[in-house]
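Novice: My questions will all concern the structure given below.
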Amino acid sequence: MADTLDSPGLIPARLRDRGGFALALAVFALVLLAAVVAGGYFSASQEFQIGRGMRSLASGFYASEAGIREVLNTWDPLVAGNLQPSESLLVGPVTLEGGGGYSAKVMRFGAGTDSMKRYFYIETSGRPPGRTLGERRQAAVARARYPRLCCDAAAKVATSVESGGGAATILDGFNATPMSWPASACVGVPAGNAPGVIVVRADSVERPNRVKGDPVNIAVDSALTAANVFDFTDISYAELVALADHTFSSLNFSNSVPSLDANGRCDRTKPLNWGAPDSPGHPCFNYFPIIHVSGDLHLNGSGRAQGILVVGGDLQITGPFDFYGILLVNDDLKISGPTQVYGGAMVVGDVVFTGSNSTLRLSRCAVRRAERLSNLTRPRILSRRGWVELF
């Protein structure tokens, strides 16, 4: 019989041996499955790393954004206001709630010290909480205005000045510095006297002998009216009201209550914190709030306060009460002694003094500090092209 293909003699022994085929196939399948699993793991790991990186960068972005806002919210006008063009100051590193944080640099540029508008470049570097995978940097350009509110006299009065008994001066245009203030608080403030009062007619002052000033006791401005008493050059009355730290409908105020926040800074959020005029070492000594009272305001007792008071109705000061700063009164200013006001006043209605121991004194230092250390000079980010991401 002829040999066939199945004949053992025609097929080599190694090919006729079919043992172990299933094992090889299983090993190949396991290798293939391991490759698929490894690929999936690698892909998931990459997605995790990308996600963690994006989360880290987003956290850094918001930390740097918060840094810009915090720099503006905690702005120290005393420090920043003394920066010369190209000078800078560093802030931080600061840790935010949640573990992230930022570092910042503030640099002034532009015109010189006495410019009405000052520009600041603020750059922050934000870092995420935990292990830092990357930081984000942002920058903003902010502008601070340095408007001038007053004063060309101890008081500008649109209606009349009435005085009570006694012979003491009630309106004093001879420049004075509060006795409790150190000389360093008034460095750079221009000196110079002024009239005791500016009125529309000389006979608007009931007892002119109680008004003192230089070069004249009483200055007459025939164009003065109730409508232009608050004729500020660099800011409107509405803008000033919008900058108020605290607003009341009416208020009976007896004394400032200086307080500190958790970081030891002057707490500007407290409505009854109107500075610490008698405590040069206190953080609130350099805090001059803008207080807006739409109705009547009564300062009474043996208290002290400082700032800019914008009063829609009457302002009554019952001594012994001392105030340092600027008074803007839409109706009558009534002062009874013993009361001392250092700064300047602008009054639409009457100024009425009762008693014999009250004086409103021109203090250029108190006026300048109220203007420069209040919200008037707090910078705002430019509305156009004022912000950029630096990566």
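Each chain of the structure tokens is named A, B, ... in the order shown, its residues numbered from 1; ligands are numbered from 1 in display order.
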Just the residues within 12 Å of Thr269 in chain A, please, counting only C-alpha atoms, with nothing from its chain fewer than 4 positions along; format it as JSON, numbers by chain.
Specialist: {"A": [73, 74, 244, 245, 246, 247, 257, 258, 259, 260, 261, 265, 273, 274, 275, 287, 289]}
Novice: What are the closest atom pairs, with distances in Å to one decimal, for all residues of range 49-166 of chain A lying within 12 Å of range 347-371 of chain A? Consider only C-alpha atoms, order rows by chain and residue number, and present the result as CSV.
Specialist:
residue,atom,partner,partner_atom,distance
A:Pro77,CA,A:Arg369,CA,10.1
A:Leu78,CA,A:Arg369,CA,9.2
A:Gly81,CA,A:Arg369,CA,11.2
A:Met116,CA,A:Glu371,CA,12.0
A:Arg145,CA,A:Glu371,CA,10.3
A:Tyr146,CA,A:Glu371,CA,7.5
A:Pro147,CA,A:Glu371,CA,7.3
A:Arg148,CA,A:Glu371,CA,6.9
A:Leu149,CA,A:Glu371,CA,7.4
A:Cys150,CA,A:Val367,CA,7.3
A:Cys151,CA,A:Val367,CA,7.6
A:Asp152,CA,A:Leu362,CA,9.1
A:Ala153,CA,A:Leu362,CA,6.8
A:Ala154,CA,A:Leu362,CA,4.4
A:Ala155,CA,A:Val347,CA,7.5
A:Lys156,CA,A:Val347,CA,6.2
A:Val157,CA,A:Val347,CA,4.9
A:Ala158,CA,A:Val348,CA,5.0
A:Thr159,CA,A:Gly349,CA,5.3
A:Ser160,CA,A:Asp350,CA,4.9
A:Val161,CA,A:Val351,CA,4.8
A:Glu162,CA,A:Val352,CA,4.7
A:Ser163,CA,A:Phe353,CA,4.6
A:Gly164,CA,A:Thr354,CA,4.5
A:Gly165,CA,A:Ser356,CA,5.9
A:Gly166,CA,A:Ser356,CA,5.0
Novice: Got a sec to tell me which of range 14-216 of chain A DSSP assigns to helix (DSSP H, G or I), as a VMD selection string?
Specialist: chain A and resid 14 to 16 21 to 73 77 to 80 183 to 186 202 to 204 208 to 210
Novice: Grab the CA of Ala276 in chain A to CA of Ala305 in chain A distance for me, in Å with one decimal place.
Specialist: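 Going from CA of Ala276 in chain A over to CA of Ala305 in chain A, I get 6.8 Å.
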Novice: Neighbours of Ala111 in chain A within 9 Å (only C-alpha atoms; same-chain residues fewer than 6 positions away dropped), as a list in words?
Specialist: Gln84, Pro85, Lys117, Arg118 and Tyr119 of chain A
Novice: Go through A:Pro93, A:Gly98, A:Gly126, A:Pro280 one by one, measure the shortest atom-to-atom distance of each to Tyr62 in chain A using only C-alpha atoms, and give the residue with the smallest value.
Specialist: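 The closest residue to Tyr62 in chain A is A:Gly126.
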Novice: Can you list, as a list in words, all residues belonging to range 25-126 of chain A that DSSP tags as strand (DSSP E or B)?
Specialist: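 Written out, the strand (DSSP E or B) residues of range 25-126 of chain A are Ser88, Leu89, Leu90, Val91, Gly92, Pro93, Val94, Thr95, Gly101, Tyr102, Ser103, Ala104, Lys105, Val106, Met107, Arg108, Phe109, Lys117, Arg118, Tyr119, Phe120, Tyr121, Ile122, Glu123, Thr124, Ser125 and Gly126 of chain A.
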Novice: Using only C-alpha atoms, which residues sit within 8 Å of Leu309 in chain A once same-chain residues fewer than 6 positions away are excluded, as a ChimeraX atom specification?
Specialist: /A:290-293,326-329
Novice: What is the distance, in Å and to one decimal place, between CA of Asp322 in chain A and CA of Asn286 in chain A?
Specialist: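 Computing it gives 16.6 Å between the two atoms.
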Novice: Would you mind telling me which residue in A:Pro128, A:Ser56, A:Arg207, A:Asn228 lies nearest to Thr169 in chain A when using only C-alpha atoms?
Specialist: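 Using only C-alpha atoms, Thr169 in chain A sits closest to A:Arg207.
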Novice: Between A:Gly173, A:Gly40, A:Leu83, A:Asn375, which is the closest to Arg210 in chain A once you count only C-alpha atoms?
Specialist: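 Checking each of A:Gly173, A:Gly40, A:Leu83, A:Asn375 against Arg210 in chain A, counting only C-alpha atoms, the winner is A:Gly173.
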